[in-house]
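Trainee: My file is work33.cif. It has mmCIF, C-alpha atoms (C1' of nucleotides):
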```cif
data_target
loop_
_atom_site.label_atom_id
_atom_site.label_comp_id
_atom_site.auth_asym_id
_atom_site.auth_seq_id
_atom_site.Cartn_x
_atom_site.Cartn_y
_atom_site.Cartn_z
CA MET X 17 8.16 20.61 -12.51
CA ALA X 18 5.50 22.75 -10.93
CA LEU X 19 7.84 25.68 -10.27
CA ALA X 20 7.19 26.64 -13.88
CA GLU X 21 3.46 26.62 -13.24
CA ALA X 22 3.79 28.51 -9.96
CA ILE X 23 5.72 31.25 -11.78
CA LEU X 24 3.21 31.35 -14.64
CA VAL X 25 0.40 31.61 -12.10
CA CYS X 26 2.07 34.66 -10.56
CA LEU X 27 2.48 36.24 -13.99
CA THR X 28 -1.22 35.66 -14.69
CA ASP X 29 -1.90 38.29 -12.08
CA ARG X 30 0.50 40.86 -13.55
CA PRO X 31 3.79 41.04 -15.48
CA MET X 32 6.78 40.93 -13.13
CA SER X 33 10.55 41.03 -13.04
CA GLY X 34 12.61 38.13 -11.71
CA TYR X 35 13.28 40.20 -8.62
CA ASP X 36 9.56 40.74 -8.01
CA LEU X 37 8.93 37.03 -8.47
CA ALA X 38 11.75 36.12 -6.10
CA LYS X 39 10.17 38.33 -3.46
CA THR X 40 6.76 36.79 -4.10
CA PHE X 41 8.36 33.39 -3.55
CA ASP X 42 9.78 34.63 -0.26
CA ALA X 43 6.27 35.48 0.89
CA SER X 44 2.74 34.90 -0.47
CA ILE X 45 3.03 32.01 -2.94
CA GLY X 46 6.19 30.91 -1.13
CA PHE X 47 3.97 29.76 1.74
CA PHE X 48 2.73 26.99 -0.54
CA TRP X 49 5.64 26.49 -2.93
CA ARG X 50 9.12 27.54 -1.82
CA ALA X 51 11.84 28.60 -4.29
CA SER X 52 15.08 30.61 -4.13
CA HIS X 53 15.86 33.54 -6.39
CA GLN X 54 18.42 31.46 -8.31
CA GLN X 55 15.78 28.88 -9.03
CA VAL X 56 13.36 31.55 -10.21
CA TYR X 57 15.85 33.14 -12.62
CA ARG X 58 16.84 29.76 -14.04
CA GLU X 59 13.22 28.75 -14.54
CA LEU X 60 12.42 32.10 -16.18
CA ALA X 61 15.18 31.45 -18.73
CA ARG X 62 13.57 28.09 -19.54
CA LEU X 63 10.10 29.60 -19.81
CA ARG X 64 11.44 32.26 -22.19
CA GLU X 65 13.12 29.56 -24.32
CA LYS X 66 9.85 27.67 -24.59
CA GLY X 67 7.94 30.83 -25.45
CA LEU X 68 5.73 30.67 -22.37
CA VAL X 69 6.74 34.15 -21.26
CA ASP X 70 7.69 37.29 -23.16
CA SER X 71 10.60 39.17 -21.62
CA ARG X 72 11.36 42.85 -22.21
CA GLU X 73 14.19 44.86 -20.69
CA ILE X 74 13.26 48.16 -19.06
CA GLU X 75 15.94 50.87 -18.92
CA GLN X 76 16.76 52.18 -15.47
CA SER X 77 19.30 54.73 -14.39
CA GLY X 78 21.48 54.12 -11.39
CA ARG X 79 20.51 50.51 -10.86
CA PRO X 80 20.52 47.40 -13.09
CA ASN X 81 17.85 47.27 -15.77
CA ARG X 82 14.76 45.27 -14.96
CA ILE X 83 13.50 42.50 -17.21
CA ILE X 84 9.73 42.33 -17.16
CA HIS X 85 8.20 38.96 -17.94
CA THR X 86 4.70 38.68 -19.37
CA ILE X 87 2.80 35.41 -19.77
CA THR X 88 2.04 34.47 -23.39
CA ASN X 89 -0.98 32.65 -24.81
CA SER X 90 0.84 29.35 -24.83
CA GLY X 91 1.89 30.07 -21.25
CA GLU X 92 -1.77 30.40 -20.35
CA ASP X 93 -2.48 27.12 -22.15
CA VAL X 94 0.17 25.41 -20.02
CA VAL X 95 -1.44 26.77 -16.84
CA HIS X 96 -4.84 25.58 -17.97
CA ALA X 97 -3.60 22.07 -18.80
CA TRP X 98 -1.84 21.90 -15.43
CA SER X 99 -4.99 22.99 -13.57
CA LEU X 100 -6.82 19.91 -14.94
CA LYS X 101 -4.14 17.41 -13.97
CA PRO X 102 -4.44 15.60 -10.61
CA CYS X 103 -2.30 16.94 -7.79
CA ARG X 104 0.51 14.99 -6.23
CA MET X 105 0.66 14.40 -2.52
CA PRO X 106 3.44 16.59 -1.14
CA SER X 107 6.32 14.31 -0.23
CA VAL X 108 7.04 14.10 3.48
CA LYS X 109 10.65 14.62 4.49
CA ASP X 110 11.06 15.70 8.08
CA GLU X 111 14.34 15.12 9.90
CA LEU X 112 12.73 15.90 13.24
CA LEU X 113 10.30 13.02 12.88
CA VAL X 114 13.13 10.73 11.78
CA LYS X 115 14.98 11.65 14.97
CA LEU X 116 11.92 10.85 17.06
CA TYR X 117 11.60 7.59 15.13
CA ALA X 118 15.21 6.83 16.07
CA LEU X 119 14.91 7.96 19.67
CA ASP X 120 17.33 5.40 21.13
CA THR X 121 20.18 6.74 18.99
CA VAL X 122 19.71 10.42 19.93
CA ASP X 123 20.21 12.45 23.08
CA ILE X 124 16.85 13.46 24.55
CA SER X 125 17.88 16.91 25.81
CA VAL X 126 19.37 17.80 22.40
CA LEU X 127 16.22 16.61 20.65
CA ARG X 128 14.12 18.59 23.08
CA GLU X 129 15.94 21.78 22.08
CA GLN X 130 15.36 20.94 18.45
CA LEU X 131 11.65 20.50 19.14
CA ASP X 132 11.61 23.87 20.90
CA ILE X 133 13.21 25.54 17.89
CA ARG X 134 10.69 23.95 15.56
CA LEU X 135 7.87 25.08 17.84
CA ASP X 136 9.10 28.67 17.62
CA GLN X 137 9.30 28.46 13.84
CA HIS X 138 5.70 27.30 13.59
CA ARG X 139 4.55 29.96 16.05
CA ALA X 140 6.27 32.60 13.91
CA LYS X 141 4.60 31.29 10.76
CA LEU X 142 1.24 31.19 12.47
CA SER X 143 1.37 34.80 13.58
CA ALA X 144 2.67 35.91 10.17
CA TYR X 145 -0.31 34.20 8.52
CA HIS X 146 -2.68 35.80 10.99
CA ARG X 147 -1.29 39.26 10.27
CA ILE X 148 -1.67 38.73 6.53
CA LYS X 149 -5.20 37.45 6.90
CA GLU X 150 -6.27 40.44 8.99
CA LYS X 151 -4.59 42.90 6.68
CA PHE X 152 -5.73 41.62 3.31
CA TYR X 153 -8.45 39.03 3.56
CA ASP X 154 -10.79 40.07 6.34
CA GLY X 155 -12.95 42.33 4.23
CA GLN X 156 -16.15 40.83 2.84
CA ASN X 157 -16.01 41.94 -0.78
CA LEU X 158 -13.26 39.65 -2.04
CA THR X 159 -12.74 38.74 -5.67
CA ARG X 160 -12.71 35.08 -6.66
CA ALA X 161 -8.90 35.21 -6.66
CA GLY X 162 -8.99 36.73 -3.18
CA LYS X 163 -11.34 34.01 -1.93
CA GLY X 164 -8.97 31.32 -3.21
CA LYS X 165 -6.03 32.90 -1.44
CA LEU X 166 -8.14 33.14 1.71
CA ILE X 167 -8.92 29.41 1.56
CA ALA X 168 -5.23 28.55 1.11
CA LEU X 169 -4.31 30.89 3.96
CA THR X 170 -6.98 29.40 6.20
CA MET X 171 -5.52 25.96 5.57
CA GLY X 172 -2.05 27.30 6.35
CA ILE X 173 -3.27 28.81 9.61
CA SER X 174 -4.96 25.66 10.80
CA ASN X 175 -1.92 23.62 9.76
CA GLU X 176 0.47 25.77 11.72
CA GLY X 177 -1.87 25.95 14.69
CA GLU X 178 -2.07 22.20 14.75
CA MET X 179 1.73 21.88 14.52
CA VAL X 180 2.10 24.16 17.53
CA LYS X 181 -0.33 22.01 19.50
CA THR X 182 1.24 18.69 18.45
CA LEU X 183 4.77 19.84 19.16
CA GLY X 184 3.62 20.79 22.65
CA THR X 185 2.27 17.28 23.11
CA ALA X 186 5.47 15.76 21.73
CA ILE X 187 7.62 17.80 24.11
CA THR X 188 5.46 16.69 27.03
CA MET X 189 5.65 13.04 25.98
CA LEU X 190 9.41 13.33 25.57
CA GLY X 191 9.69 14.84 29.05
CA GLU X 192 7.95 11.82 30.55
CA ILE X 193 10.74 9.50 29.39
CA ASP X 194 13.61 8.72 31.81
CA GLU X 195 12.61 10.96 34.66
CA MET R 29 21.55 14.29 2.30
CA ALA R 30 19.47 12.85 5.09
CA LEU R 31 18.42 9.77 3.15
CA ALA R 32 21.79 8.34 4.15
CA GLU R 33 21.00 8.99 7.80
CA ALA R 34 17.49 7.60 7.53
CA ILE R 35 18.91 4.37 6.09
CA LEU R 36 21.61 4.19 8.76
CA VAL R 37 18.97 4.71 11.44
CA CYS R 38 17.03 1.73 10.09
CA LEU R 39 20.17 -0.39 10.11
CA THR R 40 20.82 0.58 13.73
CA ASP R 41 17.80 -1.49 14.61
CA ARG R 42 18.93 -4.57 12.65
CA PRO R 43 20.93 -5.49 9.51
CA MET R 44 18.75 -5.47 6.40
CA SER R 45 18.80 -6.07 2.67
CA GLY R 46 18.04 -3.32 0.16
CA TYR R 47 14.68 -4.97 -0.40
CA ASP R 48 13.86 -4.88 3.30
CA LEU R 49 14.87 -1.25 3.47
CA ALA R 50 12.81 -0.37 0.42
CA LYS R 51 9.78 -1.92 2.11
CA THR R 52 10.53 -0.03 5.32
CA PHE R 53 10.57 3.17 3.25
CA ASP R 54 7.19 2.23 1.84
CA ALA R 55 5.82 2.04 5.37
CA SER R 56 7.09 2.92 8.87
CA ILE R 57 10.00 5.30 8.34
CA GLY R 58 8.51 6.21 4.97
CA PHE R 59 5.75 8.06 6.86
CA PHE R 60 8.38 10.62 7.84
CA TRP R 61 10.91 10.34 5.02
CA ARG R 62 9.81 9.03 1.64
CA ALA R 63 12.18 7.24 -0.78
CA SER R 64 11.87 4.86 -3.73
CA HIS R 65 13.68 1.53 -4.00
CA GLN R 66 16.02 2.91 -6.68
CA GLN R 67 17.00 5.70 -4.35
CA VAL R 68 17.64 3.24 -1.53
CA TYR R 69 19.87 0.97 -3.63
CA ARG R 70 21.90 3.90 -4.96
CA GLU R 71 22.37 5.34 -1.48
CA LEU R 72 23.42 1.92 -0.15
CA ALA R 73 26.15 1.77 -2.80
CA ARG R 74 27.43 5.15 -1.59
CA LEU R 75 27.31 4.12 2.06
CA ARG R 76 29.26 0.98 1.22
CA GLU R 77 31.88 3.05 -0.66
CA LYS R 78 32.30 5.33 2.34
CA GLY R 79 32.56 2.37 4.70
CA LEU R 80 29.46 3.32 6.67
CA VAL R 81 27.85 -0.07 6.05
CA ASP R 82 29.26 -3.55 5.64
CA SER R 83 27.54 -5.59 2.91
CA ARG R 84 27.59 -9.39 2.68
CA GLU R 85 25.89 -11.52 0.04
CA ILE R 86 23.69 -14.37 1.29
CA GLU R 87 23.23 -17.35 -1.04
CA GLN R 88 19.66 -18.23 -1.88
CA SER R 89 18.30 -20.92 -4.15
CA GLY R 90 15.48 -20.14 -6.57
CA ARG R 91 15.52 -16.38 -6.15
CA PRO R 92 18.22 -13.68 -6.39
CA ASN R 93 20.76 -13.61 -3.59
CA ARG R 94 20.16 -11.09 -0.82
CA ILE R 95 22.78 -8.58 0.19
CA ILE R 96 22.62 -7.87 3.90
CA HIS R 97 23.86 -4.48 5.04
CA THR R 98 25.18 -3.92 8.56
CA ILE R 99 26.01 -0.51 10.02
CA THR R 100 29.71 -0.04 10.90
CA ASN R 101 31.26 1.95 13.74
CA SER R 102 31.90 4.92 11.49
CA GLY R 103 28.30 4.62 10.33
CA GLU R 104 27.21 4.95 13.95
CA ASP R 105 29.46 7.98 14.32
CA VAL R 106 27.75 9.61 11.35
CA VAL R 107 24.33 8.99 12.90
CA HIS R 108 25.49 10.47 16.20
CA ALA R 109 26.92 13.60 14.54
CA TRP R 110 23.69 14.02 12.57
CA SER R 111 21.57 13.70 15.72
CA LEU R 112 23.31 16.76 17.19
CA LYS R 113 22.85 18.98 14.14
CA PRO R 114 19.80 21.28 14.00
CA CYS R 115 16.89 20.10 11.89
CA ARG R 116 15.73 21.83 8.75
CA MET R 117 12.17 22.92 8.28
CA PRO R 118 10.57 20.60 5.73
CA SER R 119 10.10 22.54 2.51
CA VAL R 120 6.52 23.19 1.56
CA LYS R 121 5.58 22.27 -1.99
CA ASP R 122 1.89 21.64 -2.46
CA GLU R 123 0.28 21.93 -5.88
CA LEU R 124 -3.19 21.87 -4.38
CA LEU R 125 -2.50 25.02 -2.37
CA VAL R 126 -0.99 26.68 -5.44
CA LYS R 127 -4.20 25.90 -7.33
CA LEU R 128 -6.27 27.46 -4.54
CA TYR R 129 -3.93 30.44 -4.60
CA ALA R 130 -4.61 30.74 -8.33
CA LEU R 131 -8.34 30.19 -8.08
CA ASP R 132 -9.33 32.51 -10.93
CA THR R 133 -7.30 30.48 -13.42
CA VAL R 134 -8.76 27.08 -12.47
CA ASP R 135 -12.16 25.47 -12.86
CA ILE R 136 -13.88 25.20 -9.48
CA SER R 137 -15.58 21.85 -10.09
CA VAL R 138 -12.29 20.28 -11.23
CA LEU R 139 -10.50 21.67 -8.19
CA ARG R 140 -13.26 20.38 -5.95
CA GLU R 141 -12.67 16.85 -7.26
CA GLN R 142 -8.98 17.25 -6.57
CA LEU R 143 -9.74 18.35 -3.02
CA ASP R 144 -11.98 15.29 -2.60
CA ILE R 145 -9.19 13.01 -3.76
CA ARG R 146 -6.76 14.62 -1.34
CA LEU R 147 -9.29 14.25 1.46
CA ASP R 148 -9.54 10.53 0.76
CA GLN R 149 -5.76 10.19 0.76
CA HIS R 150 -5.50 11.81 4.17
CA ARG R 151 -8.36 9.73 5.53
CA ALA R 152 -6.57 6.59 4.33
CA LYS R 153 -3.33 7.68 5.99
CA LEU R 154 -5.15 8.52 9.19
CA SER R 155 -6.75 5.12 9.49
CA ALA R 156 -3.50 3.37 8.54
CA TYR R 157 -1.75 5.25 11.36
CA HIS R 158 -4.51 4.35 13.79
CA ARG R 159 -4.26 0.67 12.92
CA ILE R 160 -0.50 0.72 13.45
CA LYS R 161 -0.82 2.52 16.75
CA GLU R 162 -3.36 0.06 18.07
CA LYS R 163 -1.38 -2.91 16.87
CA PHE R 164 2.11 -1.98 18.00
CA TYR R 165 2.13 0.98 20.34
CA ASP R 166 -0.89 0.70 22.62
CA GLY R 167 0.79 -1.49 25.21
CA GLN R 168 2.26 0.30 28.24
CA ASN R 169 5.67 -1.35 28.47
CA LEU R 170 7.37 0.28 25.51
CA THR R 171 11.12 0.56 25.06
CA ARG R 172 12.64 4.00 24.58
CA ALA R 173 12.76 3.34 20.82
CA GLY R 174 9.09 2.36 20.93
CA LYS R 175 8.18 5.54 22.81
CA GLY R 176 9.93 7.65 20.17
CA LYS R 177 8.06 5.93 17.39
CA LEU R 178 4.83 6.46 19.32
CA ILE R 179 5.50 10.20 19.59
CA ALA R 180 6.21 10.43 15.87
CA LEU R 181 3.09 8.41 15.09
CA THR R 182 0.99 10.59 17.42
CA MET R 183 2.18 13.66 15.54
CA GLY R 184 1.35 11.94 12.26
CA ILE R 185 -2.14 11.11 13.48
CA SER R 186 -2.92 14.62 14.63
CA ASN R 187 -1.48 16.02 11.41
CA GLU R 188 -3.64 13.83 9.24
CA GLY R 189 -6.68 14.42 11.39
CA GLU R 190 -6.19 18.13 11.06
CA MET R 191 -5.78 17.84 7.26
CA VAL R 192 -9.08 15.96 7.05
CA LYS R 193 -10.80 18.71 9.02
CA THR R 194 -9.22 21.58 7.06
CA LEU R 195 -9.94 20.02 3.69
CA GLY R 196 -13.56 19.74 4.75
CA THR R 197 -13.57 23.45 5.56
CA ALA R 198 -11.85 24.27 2.26
CA ILE R 199 -14.42 22.27 0.28
CA THR R 200 -17.24 24.10 2.08
CA MET R 201 -15.65 27.49 1.43
CA LEU R 202 -15.16 26.59 -2.22
CA GLY R 203 -18.78 25.54 -2.47
CA GLU R 204 -19.92 28.97 -1.27
CA ILE R 205 -18.33 30.66 -4.28
CA ASP R 206 -20.50 31.38 -7.37
CA GLU R 207 -23.71 29.78 -6.17
"C1'" DT S 22 -1.63 -21.50 -20.24
"C1'" DT S 23 -0.89 -16.95 -19.89
"C1'" DC S 24 -0.66 -13.28 -16.85
"C1'" DT S 25 0.34 -11.16 -12.57
"C1'" DA S 26 2.47 -10.70 -8.08
"C1'" DT S 27 6.43 -11.30 -5.04
"C1'" DT S 28 11.20 -11.53 -4.14
"C1'" DA S 29 15.66 -9.23 -5.25
"C1'" DT S 30 18.81 -6.29 -7.52
"C1'" DG S 31 20.29 -2.26 -10.01
"C1'" DC S 32 21.65 1.21 -14.30
"C1'" DA S 33 20.85 5.31 -17.13
"C1'" DA S 34 18.84 9.52 -18.30
"C1'" DT S 35 16.45 13.31 -17.04
"C1'" DT S 36 14.63 16.72 -14.09
"C1'" DA S 37 14.75 19.40 -9.82
"C1'" DT S 38 16.91 21.57 -5.95
"C1'" DG S 39 20.46 23.64 -3.16
"C1'" DT S 40 24.85 26.24 -2.30
"C1'" DG S 41 28.28 29.36 -3.26
"C1'" DC S 42 29.87 32.88 -5.93
"C1'" DA S 43 29.84 37.15 -9.00
"C1'" DT S 44 28.63 41.89 -10.44
"C1'" DA S 45 27.01 46.76 -10.14
"C1'" DT S 46 25.22 51.01 -7.81
"C1'" DG S 47 22.87 54.13 -4.79
"C1'" DG S 48 21.29 55.21 -0.18
"C1'" DT S 49 21.62 54.80 4.82
"C1'" DT S 50 23.86 53.77 8.99
"C1'" DT S 51 28.06 53.66 12.15
"C1'" DA Y 14 35.14 57.02 5.30
"C1'" DA Y 15 33.79 52.39 5.65
"C1'" DA Y 16 30.32 49.17 6.14
"C1'" DC Y 17 26.06 47.49 5.02
"C1'" DC Y 18 21.42 47.04 2.84
"C1'" DA Y 19 18.25 47.09 -1.12
"C1'" DT Y 20 17.88 46.69 -5.98
"C1'" DA Y 21 18.72 43.56 -9.96
"C1'" DT Y 22 20.63 39.81 -12.47
"C1'" DG Y 23 22.61 35.38 -13.17
"C1'" DC Y 24 26.44 31.26 -13.67
"C1'" DA Y 25 28.53 27.00 -12.09
"C1'" DC Y 26 28.90 23.15 -9.40
"C1'" DA Y 27 27.02 19.68 -6.55
"C1'" DT Y 28 23.46 16.96 -4.67
"C1'" DA Y 29 18.93 14.81 -4.84
"C1'" DA Y 30 14.82 12.85 -6.88
"C1'" DT Y 31 11.99 10.91 -10.60
"C1'" DT Y 32 11.10 7.85 -14.40
"C1'" DG Y 33 11.81 4.22 -17.28
"C1'" DC Y 34 14.07 0.19 -18.13
"C1'" DA Y 35 16.30 -4.42 -17.20
"C1'" DT Y 36 16.96 -9.11 -15.24
"C1'" DA Y 37 15.48 -13.58 -13.15
"C1'" DA Y 38 12.97 -17.23 -10.68
"C1'" DT Y 39 8.81 -19.05 -8.31
"C1'" DA Y 40 3.93 -19.31 -6.90
"C1'" DG Y 41 -0.72 -18.70 -7.68
"C1'" DA Y 42 -4.81 -16.90 -10.02
"C1'" DA Y 43 -7.60 -16.21 -14.37
#
```
Can I see the file as structure tokens?
Mentor:
Amino acid sequence: MALAEAILVCLTDRPMSGYDLAKTFDASIGFFWRASHQQVYRELARLREKGLVDSREIEQSGRPNRIIHTITNSGEDVVHAWSLKPCRMPSVKDELLVKLYALDTVDISVLREQLDIRLDQHRAKLSAYHRIKEKFYDGQNLTRAGKGKLIALTMGISNEGEMVKTLGTAITMLGEIDE
Amino acid sequence: MALAEAILVCLTDRPMSGYDLAKTFDASIGFFWRASHQQVYRELARLREKGLVDSREIEQSGRPNRIIHTITNSGEDVVHAWSLKPCRMPSVKDELLVKLYALDTVDISVLREQLDIRLDQHRAKLSAYHRIKEKFYDGQNLTRAGKGKLIALTMGISNEGEMVKTLGTAITMLGEIDE
DNA sequence: TTCTATTATGCAATTATGTGCATATGGTTT
DNA sequence: AAACCATATGCACATAATTGCATAATAGAA
């Protein structure tokens, strides 16, 4: 259960509402650990129960009240303990690769379209990462936190770039079959 | 639920026991879709219930009887329908990247060790993939199924190679902090 | 001789994730 | 005026994955 830790990590930076967190998980930290808003709210309820966050409701007029969550001391202890534990390998689960693996049971032109779609998705991610890097992490006086995010982003960029290249190769190889 | 489809795809090739399938998921198809033996046995029970596989017990002396599972016609229909559906993007969930993202809450030397471990894991995968490619897919007269597996393997190799490179960069960048 | 690995199957409990739905309001677009 | 988007929260149901346990025989190593 590292969603808990990912949320706590976000709250280390600053106290946030569930809505803020959900948006963060749609962007920044979501590049490395994806979660929906429902998941975030459910996990926040658990963290509150365990006393790892402190939640206070803020009155608002016009729109629903916000609930601001602040990390507690025991929350920080949990983050620290987690940081020392070894990391798991992310588990691979890619339907596209399974379809390539099972090439004699699938239609090549359909699969080709699916590869094209995937290629576009990786291109989109790549340019999004580039924009973020230029906007926030190209200055030279970065904090330690900023440097860490830059390293993660750099890995993301080279990952996506590589995916774009490999998918191109795969599409070419697929095109050379049955022609 | 694409574990069902991954199992059916394996059974398209040849009928297999749960044990055989579990081993296949520890290697070959497991490179693209990971599953434990418990998961495989449970899913096989479901597939049997739905009539997508046909299961017959084979008597053995000395050791437990094997149950051989064969894909049925409706099982093949399910695989075909699945092959036409668009593929999902694999969901990113990587603790190591979250730790980099949260660099000011983690100890750099501990994180460095974790990066080293990850680097070794990717190197191991890379050389395993290379061995398999040389052994099974370097000949020129491949079947269509073989060509598909070669494309998937090629993508795996370039993925792992890229991870090895990027982790090297990340370790260097991490080393340049606080020195 | 004890311990471990391999073959072969699976249940039970827990934890995690995904999908659909529900509510409430103010501002902007058509 | 109606439709839609952003803000803000969350429940309920369903599916999937992890972890620990359980059984049972044989072969080979320590």
Trainee: Give me, please, the distance in Å between CA of Arg139 in chain X and CA of Ile199 in chain R, quoted to one decimal.
Mentor: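 The value is 25.8 Å.
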Trainee: At a cut-off of 9 Å, list the chain Y residues touching chain R, using only C-alpha atoms (C1' of nucleotides), as a PyMOL selection string.
Mentor: chain Y and resi 28-30+37-39
Trainee: Which residues would end up in the selection if the PyMOL selection byres ((chain S) within 9 of (chain X)) were applied here, given that I need the answer as an MDAnalysis selection string?
Mentor: chainID S and resid 36:39 45:47
Trainee: Identify every residue of chain X that has at least one atom within 6 Å of any atom of chain R, counting only C-alpha atoms, and report the result as a PyMOL selection string.
Mentor: chain X and resi 48-49+99+103+106+108-111+113+116-117+119-120+122+161+164-165+167-168+171+182+186
Trainee: How would the residues just chosen look if you wrote them out with C-alpha atoms as an mmCIF file, keeping the file's coordinate frame?
Mentor:
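File selection-v7.cif, as written:
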```cif
data_model
loop_
_atom_site.group_PDB
_atom_site.id
_atom_site.type_symbol
_atom_site.label_atom_id
_atom_site.label_comp_id
_atom_site.auth_asym_id
_atom_site.auth_seq_id
_atom_site.Cartn_x
_atom_site.Cartn_y
_atom_site.Cartn_z
ATOM 1 C CA PHE X 48 2.730 26.990 -0.540
ATOM 2 C CA TRP X 49 5.640 26.490 -2.930
ATOM 3 C CA SER X 99 -4.990 22.990 -13.570
ATOM 4 C CA CYS X 103 -2.300 16.940 -7.790
ATOM 5 C CA PRO X 106 3.440 16.590 -1.140
ATOM 6 C CA VAL X 108 7.040 14.100 3.480
ATOM 7 C CA LYS X 109 10.650 14.620 4.490
ATOM 8 C CA ASP X 110 11.060 15.700 8.080
ATOM 9 C CA GLU X 111 14.340 15.120 9.900
ATOM 10 C CA LEU X 113 10.300 13.020 12.880
ATOM 11 C CA LEU X 116 11.920 10.850 17.060
ATOM 12 C CA TYR X 117 11.600 7.590 15.130
ATOM 13 C CA LEU X 119 14.910 7.960 19.670
ATOM 14 C CA ASP X 120 17.330 5.400 21.130
ATOM 15 C CA VAL X 122 19.710 10.420 19.930
ATOM 16 C CA ALA X 161 -8.900 35.210 -6.660
ATOM 17 C CA GLY X 164 -8.970 31.320 -3.210
ATOM 18 C CA LYS X 165 -6.030 32.900 -1.440
ATOM 19 C CA ILE X 167 -8.920 29.410 1.560
ATOM 20 C CA ALA X 168 -5.230 28.550 1.110
ATOM 21 C CA MET X 171 -5.520 25.960 5.570
ATOM 22 C CA THR X 182 1.240 18.690 18.450
ATOM 23 C CA ALA X 186 5.470 15.760 21.730
#
```
Trainee: Quick one, how far is CA of Thr88 in chain X from CA of Pro31 in chain X?
Mentor: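 Interatomic distance here is 10.4 Å.
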Trainee: Find the axis-aligned box for range 43-60 of chain R, covering all its listed atoms and adding 5 Å on each side, and write its centre and edge lengths in Å to one decimal as JSON.
Mentor:
```
{"center_x": 13.3, "center_y": 2.3, "center_z": 4.6, "size_x": 25.2, "size_y": 26.7, "size_z": 19.9}
```
Trainee: Report, in Å with one decimal, the straight-line distance from C1' of DG48 in chain S to CA of His85 in chain X.
Mentor: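 It comes out at 27.4 Å.
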Trainee: Evaluating the PyMOL selection byres ((chain S and resi 22) around 10) on the displayed file yields which residues, as a list in words?
Mentor: DT23 and DC24 of chain S; DA43 of chain Y
Trainee: Spell out the residues picked by the PyMOL selection byres ((chain Y and resi 21) around 7) here, as a tab-separated table (two decimals) with C-alpha atoms (C1' of nucleotides), in the coordinates of the input.
Mentor:
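Saved as expr-v2.tsv:
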```tsv
chain	number	residue	atom	x	y	z
X	35	TYR	CA	13.28	40.20	-8.62
X	80	PRO	CA	20.52	47.40	-13.09
X	81	ASN	CA	17.85	47.27	-15.77
X	82	ARG	CA	14.76	45.27	-14.96
Y	20	DT	C1'	17.88	46.69	-5.98
Y	22	DT	C1'	20.63	39.81	-12.47
```
Trainee: Under the rule that all atoms listed in the file are counted, which of R:Ile96, R:Ile136, R:Ile86, R:Ile160 is the nearest residue to Leu72 in chain R?
Mentor: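 So, comparing all the options, the nearest one is R:Ile96.
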Trainee: Compile the contact shell of Ser45 in chain R as a list of chain:residue names: residues with an atom at most 12 Å away, counting all atoms listed in the file, same-chain residues fewer than 4 positions apart removed.
Mentor: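 The residues that qualify are R:Ile35, R:Cys38, R:Leu39, R:Leu49, R:Ala50, R:Lys51, R:Thr52, R:His65, R:Val68, R:Tyr69, R:Leu72, R:Val81, R:Asp82, R:Ser83, R:Arg84, R:Glu85, R:Ile86, R:Pro92, R:Asn93, R:Arg94, R:Ile95, R:Ile96, R:His97, R:Thr98, R:Ile99, S:DT28, S:DA29, S:DT30.
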Trainee: Output C-alpha atoms (C1' of nucleotides) for every residue in that selection, as a short mmCIF file (atom, residue, chain, number, x, y, z; two decimals), in the coordinates of the input.
Mentor:
```cif
data_model
loop_
_atom_site.label_atom_id
_atom_site.label_comp_id
_atom_site.auth_asym_id
_atom_site.auth_seq_id
_atom_site.Cartn_x
_atom_site.Cartn_y
_atom_site.Cartn_z
CA ILE R 35 18.91 4.37 6.09
CA CYS R 38 17.03 1.73 10.09
CA LEU R 39 20.17 -0.39 10.11
CA LEU R 49 14.87 -1.25 3.47
CA ALA R 50 12.81 -0.37 0.42
CA LYS R 51 9.78 -1.92 2.11
CA THR R 52 10.53 -0.03 5.32
CA HIS R 65 13.68 1.53 -4.00
CA VAL R 68 17.64 3.24 -1.53
CA TYR R 69 19.87 0.97 -3.63
CA LEU R 72 23.42 1.92 -0.15
CA VAL R 81 27.85 -0.07 6.05
CA ASP R 82 29.26 -3.55 5.64
CA SER R 83 27.54 -5.59 2.91
CA ARG R 84 27.59 -9.39 2.68
CA GLU R 85 25.89 -11.52 0.04
CA ILE R 86 23.69 -14.37 1.29
CA PRO R 92 18.22 -13.68 -6.39
CA ASN R 93 20.76 -13.61 -3.59
CA ARG R 94 20.16 -11.09 -0.82
CA ILE R 95 22.78 -8.58 0.19
CA ILE R 96 22.62 -7.87 3.90
CA HIS R 97 23.86 -4.48 5.04
CA THR R 98 25.18 -3.92 8.56
CA ILE R 99 26.01 -0.51 10.02
"C1'" DT S 28 11.20 -11.53 -4.14
"C1'" DA S 29 15.66 -9.23 -5.25
"C1'" DT S 30 18.81 -6.29 -7.52
#
```
Trainee: Using all atoms listed in the file, what residues lie at most 9 Å away from (26.1, 37.1, -14.1) (file coordinates), given as a list of chain:residue names?
Mentor: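 The distance filter leaves exactly S:DA43, S:DT44, Y:DT22, Y:DG23, Y:DC24.
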